[in-house]
Every structure is written in C-alpha cells, then in structure tokens.
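S.K.: One file is attached below, structure-v8.cif, containing mmCIF, C-alpha atoms.
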```
data_model
loop_
_atom_site.group_PDB
_atom_site.id
_atom_site.type_symbol
_atom_site.label_atom_id
_atom_site.label_comp_id
_atom_site.auth_asym_id
_atom_site.auth_seq_id
_atom_site.Cartn_x
_atom_site.Cartn_y
_atom_site.Cartn_z
ATOM 1 C CA MET A 1 0.000 0.000 0.000
ATOM 2 C CA VAL A 2 1.231 3.496 -0.848
ATOM 3 C CA PHE A 3 0.157 6.595 1.084
ATOM 4 C CA VAL A 4 0.415 10.150 -0.261
ATOM 5 C CA ARG A 5 -0.705 13.360 1.440
ATOM 6 C CA TYR A 6 -1.567 16.498 -0.517
ATOM 7 C CA ILE A 7 -2.315 19.828 1.101
ATOM 8 C CA VAL A 8 -5.312 21.337 -0.717
ATOM 9 C CA ILE A 9 -7.107 24.657 -0.542
ATOM 10 C CA GLY A 10 -10.577 23.113 -0.875
ATOM 11 C CA VAL A 11 -10.899 19.556 0.413
ATOM 12 C CA ASP A 12 -14.381 19.099 -0.996
ATOM 13 C CA ASP A 13 -13.384 20.384 -4.469
ATOM 14 C CA ALA A 14 -10.371 18.048 -4.440
ATOM 15 C CA VAL A 15 -12.560 15.087 -3.424
ATOM 16 C CA ALA A 16 -14.855 15.766 -6.380
ATOM 17 C CA PHE A 17 -11.883 16.115 -8.755
ATOM 18 C CA TYR A 18 -10.257 12.816 -7.779
ATOM 19 C CA ARG A 19 -13.528 10.892 -7.438
ATOM 20 C CA ASP A 20 -15.262 12.157 -10.571
ATOM 21 C CA ASN A 21 -12.275 12.381 -12.926
ATOM 22 C CA LEU A 22 -9.634 9.910 -11.753
ATOM 23 C CA ASP A 23 -11.744 7.051 -10.363
ATOM 24 C CA PHE A 24 -10.796 7.353 -6.674
ATOM 25 C CA LYS A 25 -13.217 6.013 -4.069
ATOM 26 C CA LEU A 26 -13.960 8.064 -0.957
ATOM 27 C CA ASP A 27 -12.908 6.257 2.221
ATOM 28 C CA LYS A 28 -13.074 8.959 4.932
ATOM 29 C CA HIS A 29 -14.291 12.549 4.842
ATOM 30 C CA ASN A 30 -14.376 15.402 7.325
ATOM 31 C CA PRO A 31 -15.851 18.111 5.046
ATOM 32 C CA GLY A 32 -13.615 21.124 4.585
ATOM 33 C CA LYS A 33 -10.745 19.611 6.593
ATOM 34 C CA PHE A 34 -9.725 16.109 5.535
ATOM 35 C CA ALA A 35 -10.468 13.234 3.180
ATOM 36 C CA ALA A 36 -8.961 9.854 2.394
ATOM 37 C CA LEU A 37 -9.463 8.455 -1.098
ATOM 38 C CA VAL A 38 -8.395 5.065 -2.449
ATOM 39 C CA ARG A 39 -7.442 3.929 -5.944
ATOM 40 C CA ASP A 40 -5.914 0.476 -6.329
ATOM 41 C CA GLU A 41 -2.983 0.315 -3.856
ATOM 42 C CA LEU A 42 -2.820 4.109 -3.345
ATOM 43 C CA THR A 43 -4.431 5.940 -0.455
ATOM 44 C CA LEU A 44 -4.501 9.697 -1.026
ATOM 45 C CA TYR A 45 -4.901 11.871 2.064
ATOM 46 C CA LEU A 46 -6.168 15.395 1.423
ATOM 47 C CA SER A 47 -5.683 17.943 4.195
ATOM 48 C CA ALA A 48 -6.592 21.624 4.405
ATOM 49 C CA PRO A 49 -3.745 23.931 5.519
ATOM 50 C CA GLY A 50 -3.782 24.114 9.324
ATOM 51 C CA ALA A 51 -6.355 21.308 9.726
ATOM 52 C CA GLY A 52 -5.284 18.390 11.900
ATOM 53 C CA SER A 53 -1.752 17.095 12.289
ATOM 54 C CA GLY A 54 -1.211 16.587 8.535
ATOM 55 C CA GLY A 55 -2.241 20.158 7.746
ATOM 56 C CA GLN A 56 0.175 21.533 10.350
ATOM 57 C CA ALA A 57 3.217 19.259 10.009
ATOM 58 C CA GLY A 58 6.387 21.153 9.150
ATOM 59 C CA GLY A 59 4.971 24.577 9.965
ATOM 60 C CA ASN A 60 2.631 26.024 7.348
ATOM 61 C CA PRO A 61 2.194 23.500 4.492
ATOM 62 C CA MET A 62 0.809 24.871 1.242
ATOM 63 C CA PRO A 63 -0.360 23.110 -1.956
ATOM 64 C CA GLY A 64 1.447 22.967 -5.264
ATOM 65 C CA GLY A 65 5.031 22.131 -6.181
ATOM 66 C CA TRP A 66 6.352 19.415 -8.501
ATOM 67 C CA ASN A 67 6.076 16.289 -6.348
ATOM 68 C CA ARG A 68 3.486 13.935 -7.746
ATOM 69 C CA PHE A 69 2.162 10.444 -8.039
ATOM 70 C CA MET A 70 1.522 8.709 -11.348
ATOM 71 C CA ILE A 71 -1.623 7.130 -12.746
ATOM 72 C CA ILE A 72 -1.025 4.603 -15.505
ATOM 73 C CA THR A 73 -3.660 4.566 -18.223
ATOM 74 C CA SER A 74 -4.070 2.759 -21.517
ATOM 75 C CA GLU A 75 -6.250 5.592 -22.870
ATOM 76 C CA LEU A 76 -4.310 8.804 -22.255
ATOM 77 C CA ASP A 77 -6.038 10.868 -24.936
ATOM 78 C CA ALA A 78 -9.525 9.944 -23.714
ATOM 79 C CA LEU A 79 -8.572 10.717 -20.093
ATOM 80 C CA ILE A 80 -7.134 14.100 -21.088
ATOM 81 C CA GLU A 81 -10.303 14.940 -23.001
ATOM 82 C CA ARG A 82 -12.482 13.952 -20.027
ATOM 83 C CA LEU A 83 -10.380 16.135 -17.708
ATOM 84 C CA ARG A 84 -10.470 19.087 -20.128
ATOM 85 C CA ARG A 85 -14.282 18.847 -20.305
ATOM 86 C CA ALA A 86 -14.275 18.946 -16.493
ATOM 87 C CA GLY A 87 -12.225 22.167 -16.572
ATOM 88 C CA ALA A 88 -8.907 20.692 -15.381
ATOM 89 C CA SER A 89 -5.642 22.585 -15.891
ATOM 90 C CA PHE A 90 -2.530 20.980 -17.331
ATOM 91 C CA ARG A 91 1.143 21.880 -17.026
ATOM 92 C CA GLY A 92 2.541 21.811 -20.525
ATOM 93 C CA GLU A 93 1.661 19.463 -23.341
ATOM 94 C CA ILE A 94 1.960 15.696 -23.741
ATOM 95 C CA SER A 95 5.578 14.552 -23.581
ATOM 96 C CA ASP A 96 6.458 11.608 -25.784
ATOM 97 C CA GLY A 97 9.735 9.839 -25.217
ATOM 98 C CA GLY A 98 11.296 6.643 -24.020
ATOM 99 C CA ALA A 99 8.789 4.230 -22.584
ATOM 100 C CA GLY A 100 5.631 6.225 -23.172
ATOM 101 C CA ARG A 101 3.646 9.455 -23.176
ATOM 102 C CA ALA A 102 2.847 11.639 -20.163
ATOM 103 C CA ILE A 103 1.134 14.864 -19.156
ATOM 104 C CA LEU A 104 0.776 16.643 -15.822
ATOM 105 C CA VAL A 105 -2.703 17.612 -14.627
ATOM 106 C CA GLU A 106 -3.329 19.897 -11.653
ATOM 107 C CA ASP A 107 -5.935 19.211 -9.006
ATOM 108 C CA PRO A 108 -8.073 22.207 -7.947
ATOM 109 C CA SER A 109 -5.294 23.344 -5.541
ATOM 110 C CA GLY A 110 -2.429 23.061 -8.041
ATOM 111 C CA ASN A 111 -1.053 19.709 -6.861
ATOM 112 C CA ILE A 112 0.189 17.601 -9.753
ATOM 113 C CA VAL A 113 -0.817 14.146 -10.932
ATOM 114 C CA GLU A 114 1.191 12.585 -13.751
ATOM 115 C CA LEU A 115 -0.927 10.701 -16.286
ATOM 116 C CA PHE A 116 1.201 8.110 -18.096
ATOM 117 C CA GLU A 117 0.601 5.727 -20.969
ATOM 118 C CA PHE A 118 3.171 3.035 -21.861
ATOM 119 C CA LYS A 119 3.982 2.654 -25.556
#
```
Starting from the file, lay out its structure as structure tokens.

M.R.:
Amino acid sequence: MVFVRYIVIGVDDAVAFYRDNLDFKLDKHNPGKFAALVRDELTLYLSAPGAGSGGQAGGNPMPGGWNRFMIITSELDALIERLRRAGASFRGEISDGGAGRAILVEDPSGNIVELFEFK
C-alpha cells in the first residue's frame, strides 16, 4: 500500500476532482478539513492547511510544487479529453519519449498528478 498526502485549498473540491475524474473512491471525509481516497494500492490523504496534524506538520504546508504520483492509463487521450471537459488545468503538453507518453494535470489546488501511458 502506498500513502500520499496532498495539502489542498478546498478539500471538498479536491474530493470531487479525484472521485469524478480519476476514479478514486472516498474512504473517509471530514468536510472542509480532511479526506482519504483510495485507488488500487494508493491511499490519497487530502488535508486543508492548518487542519489536523497533517495540515500543520512542518509549519505552514501549502499546496502545489512538482512532487506527484503517477496514474497509468491505456487511454491517455480519452482521459485528457475527459479532464479538459471537467475544466482541469494541465502543465505543458503531452511529452512523448522513451517508454511512453505523459502529461501533468493539476488538481483544484495546483497539486500535480502525472498521467502516463506506456507505448
């Protein structure tokens, strides 16, 4: 099992983004403060800045940056189109090199998820 924590501005918006667009299932939810979502072997913890221990660890955590987890898909173009229709923002264009193609999508707080398709 892999555990990732993202600090997000709007927990409820982030829950909707991951659930509706990236097929995560909601496991735990304290509206506005915290949520745990599950997809395969990944548990994604979403914390609002200043909420609970995860939202306070290290001082004043804020969302964004370049750290990310990767979702492997066999239908990258269809997933990108679905996310665009949902209003998602991307960093750059599709990169194509080596083992496959990838693009970075931002959640509603600017945290990155890498979408990857093997060649």

S.K.: Take the PyMOL selection byres ((chain A and resi 14-27) around 12), apply it to the structure above, and return the hits as a ChimeraX atom specification.

M.R.: /A:6-13,28-48,63,70-73,76,78-89,105-115

S.K.: For the atom pair CA of Val4 in chain A and CA of Ala51 in chain A, what is the interatomic distance in Å to one decimal place?

M.R.: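 Between CA of Val4 in chain A and CA of Ala51 in chain A the gap is 16.4 Å.
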
S.K.: Kindly give the distance, in Å, that separates CA of Asn60 in chain A and CA of Met1 in chain A, rounded to a single decimal.

M.R.: 27.2 Å

S.K.: I'd like the interatomic distance between CA of Leu104 in chain A and CA of Phe116 in chain A, to a tenth of an Å.

M.R.: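 CA of Leu104 in chain A sits 8.8 Å away from CA of Phe116 in chain A.
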
S.K.: Pick the closest to Glu93 in chain A from A:Met62, A:Asp77, A:Phe118, A:Gly50: which is it, counting only C-alpha atoms?

M.R.: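 Closest to Glu93 in chain A, using only C-alpha atoms: A:Asp77.
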